[in-house]
There are 6 protein chains.
Amino acid sequence: MLYLTRRETFNAGHRLFRPDWTDEENENLYGKCSNPHWHGHNYVLYITVKGNVNPETGLVVNLKTLGKLIREHIIEKIDHMNINTQVGFMKGRIASSENIAIAIWEELEPRIKGAGVKLHCVKIVETENNYVEFYGKE
Amino acid sequence: MLYLTRRETFNAGHRLFRPDWTDEENENLYGKCSNPHWHGHNYVLYITVKGNVNPETGLVVNLKTLGKLIREHIIEKIDHMNINTQVGFMKGRIASSENIAIAIWEELEPRIKGAGVKLHCVKIVETENNYVEFYGKE
Amino acid sequence: MLYLTRRETFNAGHRLFRPDWTDEENENLYGKCSNPHWHGHNYVLYITVKGNVNPETGLVVNLKTLGKLIREHIIEKIDHMNINTQVGFMKGRIASSENIAIAIWEELEPRIKGAGVKLHCVKIVETENNYVEFYGKE
Amino acid sequence: MLYLTRRETFNAGHRLFRPDWTDEENENLYGKCSNPHWHGHNYVLYITVKGNVNPETGLVVNLKTLGKLIREHIIEKIDHMNINTQVGFMKGRIASSENIAIAIWEELEPRIKGAGVKLHCVKIVETENNYVEFYGKE
Amino acid sequence: MLYLTRRETFNAGHRLFRPDWTDEENENLYGKCSNPHWHGHNYVLYITVKGNVNPETGLVVNLKTLGKLIREHIIEKIDHMNINTQVGFMKGRIASSENIAIAIWEELEPRIKGAGVKLHCVKIVETENNYVEFYGKE
Amino acid sequence: MLYLTRRETFNAGHRLFRPDWTDEENENLYGKCSNPHWHGHNYVLYITVKGNVNPETGLVVNLKTLGKLIREHIIEKIDHMNINTQVGFMKGRIASSENIAIAIWEELEPRIKGAGVKLHCVKIVETENNYVEFYGKE
């Protein structure tokens, strides 16, 4: 069993808030991350898959296939976008790194299975000082 | 003559666009950086000052004084803000890294002179792949 | 189950040695890390907690709460200090990264539990070439 | 149980290909990584061992012992070499990061056991955008 | 006058040697960098241009134009290639970082002038421990 | 004219203080950096030399020669040492990054001239948030 990780980056805008709360209530909980005028980040995304090394190729999975999946289904939909209002797979979710990681897992998990390996971890680095990791629901 | 650099970071939202152009004209020039729904970055700011080493203290300038100046006059006004709509010193300027660097120079230059050293360079890193440096108008 | 990591940094002095050994015996084991005149490092501390995402907030834990806990109970007590002689929670322990990680776990584990999540990992990066990770005693 | 990681680097040349395939077949699978004229990387190697902290020393294992093992058995044999043609422990293996990690595991695992700790992970960073981790065959 | 820098990366193979010297003579001068079987690096390329900020656009130069120039004339010709034998603009030059920087300057300088700005610096990072910078011949 | 930079690292202990001041006076000026029990840093040293590319070798200077000079005259004397009390070339100087850079310049400048190139810059990175650069006294 070998783990292979692909890094991709995206820049996006967001705001932490619940639409059913007032700006004041949101600010009490989320602080300046709830600024109604939006702010954003250079997000770094790490996708880790696991699988056996194919003895025919020496690879777990073709990096180009994996990179293409991530760019097509995630990066093209979120890069330079407003995560709260423009990203389909984040609709109805609070735009936290936690929820971004879970949503990316749900988008990629079946597609990566289709490529013959198992998604192991989605890691989202929001700033140099904080990141989240999601390993699926089991 | 010695150069001392202080690094600070801020997260902010922005959009590259001219208000007197249509969204389409803006997109032709700025591409996805002109998304009307905003996006953002983890900006890294490097402030370089130059001066002689004070033989009494071994320092060019007290780092705490310099850090406080940068945080008070720049970071507190731009961090987690929308650069286009919420940052006083960017009012009327296109929110490019170039203009952010020039505006920060104008904010800091007289204040740093007041601390006994000379501002040498304002560097703004927008993403891991691009940054700008401004050395003043001379 | 989601994992959230907060990074903090501290600079400190230390020396690897056992007070019941001679300087020579210490140097035989620890080499130049045992220099009796002290040296130091820019330590990087990663605190990883795990928990479920609160559906009300989209968060595992409020990062500000977590950051405050780490700074109040660890950083303020160790930053710019001599780990061997000035840090209460290191008293009686050899000042290795291993022991620093274990001591920080012991300081933070009950407090993080009080914040509603579980401490998962304490990681201490001593130099760019070595780090330790402690996941608790189970 | 504590985990200790040592980082080492090496520069090497390689080519992804199977000698029993034509250049065209290799290029179909491996793309430009199969260039018959070779290319190379600045590889970064992370060796993680696990063990209990020795209460006599405060250490899991002496870092100098660990570093010496890695340099003697891995770095000196692969640094500035052609992985396909000059590295004994890669003979007969496709020169993928996956296989490099497995081969390094096989070289180091018994030697690290001899130093009193257990090899936990071999991580190979090939570029800033991809890396593999191998945790052994169990 | 503002300076804008674009970062690009490429992986390539090379060998430091003079074809008119024996392998032994080459090794005496270049050490293991002269290995006849090739090795390689993850090179990082920084291209710095200087110019005035266009008040119409807030930009020194369009980053997309600059990036396209660098990728088309440099990266596509050197990435995953053998610098000694496969890169046209390195023909007849010893494959040192110094010469790569000078050759890239010669390739890009007239093209960047055509884009309305002035090439200021070509920086080549060969490993984390060494890099070169070329500012042109004046 | 080409600039070549070599990076080296060292860990050391220090304290900012003037021996002719009281601890209280020192703390007023230097804050926690004046802790009488010492603290320390992972310093990063960048030595930049300038020279013409030797057309016989493609090099400005042999990196091994340069690295050896830096390690022999600087790193071996300062690594894992107490900068205030154990480093000959810092004797009588306040142990600030500014003074370390100047002292290293004085140690290396004549020796690097002896190797046929000119020392251009000594850069000392004390933490990820601050560094100094010294270009000599002219």
# chains A, B, ... in the order shown; residues from 1 in each chain; ligands from 1
>>> closest_atom_pairs(of="chain C", to="chain F", cutoff="10 Å", atoms="only C-alpha atoms", output="Markdown table")
| residue | atom | partner | partner_atom | distance |
| --- | --- | --- | --- | --- |
| C:Thr9 | CA | F:Glu128 | CA | 9.6 |
| C:Phe10 | CA | F:His41 | CA | 9.4 |
| C:Asn11 | CA | F:His41 | CA | 6.1 |
| C:Ala12 | CA | F:His39 | CA | 4.4 |
| C:Gly13 | CA | F:His39 | CA | 3.6 |
| C:His14 | CA | F:His39 | CA | 7.3 |
| C:Arg15 | CA | F:His80 | CA | 9.5 |
| C:Gly31 | CA | F:His80 | CA | 9.8 |
| C:Lys32 | CA | F:His80 | CA | 6.2 |
| C:Cys33 | CA | F:His80 | CA | 6.5 |
| C:Ser34 | CA | F:His80 | CA | 8.7 |
| C:Asn35 | CA | F:Met81 | CA | 7.0 |
| C:Pro36 | CA | F:Asn82 | CA | 9.2 |
| C:His37 | CA | F:Asn82 | CA | 5.8 |
| C:Trp38 | CA | F:Gly13 | CA | 5.9 |
| C:His39 | CA | F:Gly13 | CA | 3.6 |
| C:Gly40 | CA | F:Gly40 | CA | 3.5 |
| C:His41 | CA | F:His41 | CA | 4.0 |
| C:Asn42 | CA | F:His41 | CA | 4.8 |
| C:Tyr43 | CA | F:His41 | CA | 8.3 |
| C:Ile78 | CA | F:His39 | CA | 9.8 |
| C:Asp79 | CA | F:His39 | CA | 8.5 |
| C:His80 | CA | F:His39 | CA | 5.3 |
| C:Met81 | CA | F:His39 | CA | 5.6 |
| C:Asn82 | CA | F:His39 | CA | 5.6 |
| C:Ile83 | CA | F:His39 | CA | 8.5 |
| C:Asn84 | CA | F:His37 | CA | 9.6 |
| C:Thr85 | CA | F:His37 | CA | 7.8 |
| C:Gln86 | CA | F:His37 | CA | 7.9 |
| C:Glu126 | CA | F:Asn42 | CA | 8.5 |
| C:Thr127 | CA | F:Asn42 | CA | 6.8 |
| C:Glu128 | CA | F:Asn42 | CA | 8.8 |
>>> residues_around(residues="D:Gly51", least_positions_apart="4", cutoff="7 Å", atoms="only C-alpha atoms", output="list of chain:residue names")
D:Met1, D:Leu2, D:Tyr3, D:Val60, D:Val117, D:Lys118
>>> write_last_selection(atoms="C-alpha atoms", output="compact mmCIF listing (two decimals), in the first residue's frame")
# COMPACT_ATOMS: atom_id res chain seq x y z
CA MET D 1 5.22 6.00 21.01
CA LEU D 2 6.93 8.93 19.36
CA TYR D 3 7.73 9.55 15.69
CA VAL D 60 13.97 8.08 20.55
CA VAL D 117 13.82 1.75 16.49
CA LYS D 118 11.27 0.84 13.86
>>> residues_around(residues="stretch 87-96 of chain B", least_positions_apart="6", cutoff="7 Å", atoms="only C-alpha atoms", output="MDAnalysis selection string")
(chainID B and resid 14:18 77:78 103) or (chainID E and resid 58:59)
>>> write_last_selection(atoms="all heavy atoms", output="CSV table (one decimal), in the first residue's frame")
chain,number,residue,atom,x,y,z
B,14,HIS,N,-10.1,41.1,-3.4
B,14,HIS,CA,-9.9,42.1,-4.4
B,14,HIS,C,-10.5,41.7,-5.8
B,14,HIS,O,-11.0,40.6,-5.9
B,14,HIS,CB,-8.5,42.6,-4.6
B,14,HIS,CG,-7.6,41.8,-5.5
B,14,HIS,ND1,-6.7,42.3,-6.3
B,14,HIS,CD2,-7.6,40.4,-5.8
B,14,HIS,CE1,-6.1,41.4,-7.1
B,14,HIS,NE2,-6.7,40.2,-6.8
B,15,ARG,N,-10.5,42.6,-6.7
B,15,ARG,CA,-10.9,42.3,-8.1
B,15,ARG,C,-10.1,43.3,-8.9
B,15,ARG,O,-10.0,44.5,-8.6
B,15,ARG,CB,-12.4,42.6,-8.2
B,15,ARG,CG,-12.9,42.5,-9.6
B,15,ARG,CD,-14.3,43.1,-9.7
B,15,ARG,NE,-14.7,43.0,-11.2
B,15,ARG,CZ,-15.7,43.7,-11.7
B,15,ARG,NH1,-16.5,44.4,-11.0
B,15,ARG,NH2,-15.9,43.6,-13.0
B,16,LEU,N,-9.5,42.9,-10.0
B,16,LEU,CA,-8.9,43.8,-10.9
B,16,LEU,C,-9.9,44.3,-11.9
B,16,LEU,O,-10.5,43.5,-12.7
B,16,LEU,CB,-7.7,43.1,-11.7
B,16,LEU,CG,-6.5,42.7,-10.9
B,16,LEU,CD1,-5.4,42.1,-11.9
B,16,LEU,CD2,-5.9,44.0,-10.2
B,17,PHE,N,-10.2,45.6,-11.8
B,17,PHE,CA,-11.2,46.2,-12.8
B,17,PHE,C,-11.2,47.7,-12.7
B,17,PHE,O,-10.7,48.3,-11.7
B,17,PHE,CB,-12.6,45.6,-12.5
B,17,PHE,CG,-13.4,46.4,-11.5
B,17,PHE,CD1,-14.5,47.1,-11.8
B,17,PHE,CD2,-13.0,46.4,-10.2
B,17,PHE,CE1,-15.3,47.8,-10.9
B,17,PHE,CE2,-13.7,47.0,-9.2
B,17,PHE,CZ,-14.8,47.7,-9.6
B,18,ARG,N,-11.6,48.3,-13.8
B,18,ARG,CA,-11.8,49.7,-13.9
B,18,ARG,C,-13.3,50.0,-13.8
B,18,ARG,O,-14.0,49.4,-14.7
B,18,ARG,CB,-11.3,50.3,-15.2
B,18,ARG,CG,-9.8,50.2,-15.3
B,18,ARG,CD,-9.3,50.8,-16.6
B,18,ARG,NE,-9.9,52.1,-16.8
B,18,ARG,CZ,-9.3,53.1,-17.4
B,18,ARG,NH1,-8.1,53.0,-17.9
B,18,ARG,NH2,-10.0,54.2,-17.5
B,77,LYS,N,-5.5,47.9,8.6
B,77,LYS,CA,-6.4,48.6,7.6
B,77,LYS,C,-6.7,47.7,6.4
B,77,LYS,O,-7.7,48.0,5.7
B,77,LYS,CB,-5.8,49.9,7.1
B,77,LYS,CG,-5.8,50.9,8.3
B,77,LYS,CD,-5.1,52.2,7.8
B,77,LYS,CE,-5.3,53.3,9.0
B,77,LYS,NZ,-4.4,54.4,8.8
B,78,ILE,N,-5.9,46.6,6.2
B,78,ILE,CA,-6.1,45.9,4.9
B,78,ILE,C,-6.4,44.4,5.2
B,78,ILE,O,-7.0,43.7,4.4
B,78,ILE,CB,-4.9,46.0,4.0
B,78,ILE,CG1,-5.2,45.7,2.5
B,78,ILE,CG2,-3.7,45.3,4.5
B,78,ILE,CD1,-4.1,46.1,1.5
B,103,ALA,N,0.9,52.4,-2.9
B,103,ALA,CA,0.2,53.0,-1.8
B,103,ALA,C,0.8,52.7,-0.4
B,103,ALA,O,0.8,53.6,0.4
B,103,ALA,CB,-1.3,52.5,-1.9
E,58,GLY,N,-3.2,49.9,-14.2
E,58,GLY,CA,-2.6,49.6,-12.9
E,58,GLY,C,-1.5,48.5,-12.9
E,58,GLY,O,-1.0,48.0,-11.9
E,59,LEU,N,-1.1,48.1,-14.1
E,59,LEU,CA,-0.1,47.0,-14.3
E,59,LEU,C,1.1,47.6,-14.9
E,59,LEU,O,1.1,48.5,-15.7
E,59,LEU,CB,-0.7,45.9,-15.2
E,59,LEU,CG,-2.1,45.4,-14.8
E,59,LEU,CD1,-2.5,44.3,-15.9
E,59,LEU,CD2,-2.1,44.7,-13.4
>>> residues_around(residues="stretch 105-116 of chain D", least_positions_apart="5", cutoff="10 Å", atoms="only C-alpha atoms", output="list in words")
Ile47, Val49, Lys50, Gly51, Asn52, Val60, Val61, Asn62, Thr65, Leu66, Leu69, Ile70, His73, Ile74, Phe89, Asn99, Ile100, Cys121, Val122, Lys123, Phe134, Tyr135, Gly136 and Lys137 of chain D
>>> write_last_selection(atoms="N, CA and C atoms", output="PDB file, in the first residue's frame")
ATOM      1  N   ILE D  47      12.712  10.336   6.319  1.00  0.00           N
ATOM      2  CA  ILE D  47      12.691   9.028   6.967  1.00  0.00           C
ATOM      3  C   ILE D  47      12.084   9.205   8.359  1.00  0.00           C
ATOM      4  N   VAL D  49      10.965   7.367  11.854  1.00  0.00           N
ATOM      5  CA  VAL D  49      11.072   6.166  12.694  1.00  0.00           C
ATOM      6  C   VAL D  49      10.163   6.340  13.899  1.00  0.00           C
ATOM      7  N   LYS D  50       9.775   5.228  14.498  1.00  0.00           N
ATOM      8  CA  LYS D  50       8.972   5.334  15.725  1.00  0.00           C
ATOM      9  C   LYS D  50       9.600   4.510  16.841  1.00  0.00           C
ATOM     10  N   GLY D  51       9.367   4.955  18.056  1.00  0.00           N
ATOM     11  CA  GLY D  51       9.922   4.235  19.190  1.00  0.00           C
ATOM     12  C   GLY D  51       9.531   4.946  20.466  1.00  0.00           C
ATOM     13  N   ASN D  52       9.910   4.357  21.575  1.00  0.00           N
ATOM     14  CA  ASN D  52       9.661   5.018  22.845  1.00  0.00           C
ATOM     15  C   ASN D  52      10.813   5.955  23.164  1.00  0.00           C
ATOM     16  N   VAL D  60      14.460   9.322  21.140  1.00  0.00           N
ATOM     17  CA  VAL D  60      13.974   8.082  20.550  1.00  0.00           C
ATOM     18  C   VAL D  60      15.157   7.329  19.951  1.00  0.00           C
ATOM     19  N   VAL D  61      15.968   8.060  19.248  1.00  0.00           N
ATOM     20  CA  VAL D  61      17.177   7.493  18.659  1.00  0.00           C
ATOM     21  C   VAL D  61      18.120   8.669  18.464  1.00  0.00           C
ATOM     22  N   ASN D  62      19.400   8.410  18.484  1.00  0.00           N
ATOM     23  CA  ASN D  62      20.355   9.477  18.257  1.00  0.00           C
ATOM     24  C   ASN D  62      20.258   9.924  16.800  1.00  0.00           C
ATOM     25  N   THR D  65      23.187   9.061  14.594  1.00  0.00           N
ATOM     26  CA  THR D  65      23.201   7.668  14.146  1.00  0.00           C
ATOM     27  C   THR D  65      22.251   7.486  12.966  1.00  0.00           C
ATOM     28  N   LEU D  66      21.057   8.042  13.103  1.00  0.00           N
ATOM     29  CA  LEU D  66      20.057   7.904  12.039  1.00  0.00           C
ATOM     30  C   LEU D  66      20.534   8.590  10.756  1.00  0.00           C
ATOM     31  N   LEU D  69      23.248   6.551   9.013  1.00  0.00           N
ATOM     32  CA  LEU D  69      22.674   5.391   8.313  1.00  0.00           C
ATOM     33  C   LEU D  69      22.083   5.793   6.962  1.00  0.00           C
ATOM     34  N   ILE D  70      21.316   6.884   6.974  1.00  0.00           N
ATOM     35  CA  ILE D  70      20.647   7.312   5.737  1.00  0.00           C
ATOM     36  C   ILE D  70      21.676   7.774   4.713  1.00  0.00           C
ATOM     37  N   HIS D  73      23.882   4.581   3.489  1.00  0.00           N
ATOM     38  CA  HIS D  73      23.245   3.517   2.708  1.00  0.00           C
ATOM     39  C   HIS D  73      22.367   4.030   1.575  1.00  0.00           C
ATOM     40  N   ILE D  74      21.993   5.296   1.626  1.00  0.00           N
ATOM     41  CA  ILE D  74      21.100   5.822   0.572  1.00  0.00           C
ATOM     42  C   ILE D  74      21.756   6.993  -0.172  1.00  0.00           C
ATOM     43  N   PHE D  89      20.536  -0.468  -5.647  1.00  0.00           N
ATOM     44  CA  PHE D  89      19.262  -0.914  -5.045  1.00  0.00           C
ATOM     45  C   PHE D  89      18.046  -0.620  -5.934  1.00  0.00           C
ATOM     46  N   ASN D  99       8.720   3.325  -6.618  1.00  0.00           N
ATOM     47  CA  ASN D  99       9.727   2.274  -6.468  1.00  0.00           C
ATOM     48  C   ASN D  99      10.954   2.743  -5.696  1.00  0.00           C
ATOM     49  N   ILE D 100      11.299   4.020  -5.826  1.00  0.00           N
ATOM     50  CA  ILE D 100      12.428   4.525  -5.030  1.00  0.00           C
ATOM     51  C   ILE D 100      12.089   4.421  -3.540  1.00  0.00           C
ATOM     52  N   CYS D 121       8.010   5.300   8.035  1.00  0.00           N
ATOM     53  CA  CYS D 121       7.600   5.836   6.737  1.00  0.00           C
ATOM     54  C   CYS D 121       8.808   6.311   5.932  1.00  0.00           C
ATOM     55  N   VAL D 122       8.775   6.037   4.648  1.00  0.00           N
ATOM     56  CA  VAL D 122       9.719   6.631   3.704  1.00  0.00           C
ATOM     57  C   VAL D 122       8.912   7.545   2.788  1.00  0.00           C
ATOM     58  N   LYS D 123       9.263   8.819   2.786  1.00  0.00           N
ATOM     59  CA  LYS D 123       8.554   9.791   1.939  1.00  0.00           C
ATOM     60  C   LYS D 123       9.533  10.368   0.926  1.00  0.00           C
ATOM     61  N   PHE D 134       5.542   5.560   1.744  1.00  0.00           N
ATOM     62  CA  PHE D 134       5.444   4.106   1.876  1.00  0.00           C
ATOM     63  C   PHE D 134       5.621   3.743   3.347  1.00  0.00           C
ATOM     64  N   TYR D 135       4.681   2.934   3.867  1.00  0.00           N
ATOM     65  CA  TYR D 135       4.677   2.564   5.284  1.00  0.00           C
ATOM     66  C   TYR D 135       5.011   1.087   5.492  1.00  0.00           C
ATOM     67  N   GLY D 136       5.555   0.431   4.491  1.00  0.00           N
ATOM     68  CA  GLY D 136       5.886  -0.986   4.613  1.00  0.00           C
ATOM     69  C   GLY D 136       4.745  -1.857   4.147  1.00  0.00           C
ATOM     70  N   LYS D 137       5.004  -3.155   4.127  1.00  0.00           N
ATOM     71  CA  LYS D 137       4.066  -4.039   3.452  1.00  0.00           C
ATOM     72  C   LYS D 137       2.946  -4.571   4.326  1.00  0.00           C
TER      73      LYS D 137
END
>>> atom_distance(atom1="atom CA of B:Tyr131", atom2="atom CA of B:Ser97")
7.5 Å
>>> atom_distance(atom1="atom CA of F:Ile124", atom2="atom CA of F:Thr5")
12.7 Å
>>> closest_residue(among="C:Leu4, C:Leu29, C:Arg71, C:Tyr46", to="A:Glu98", atoms="only C-alpha atoms")
C:Leu4
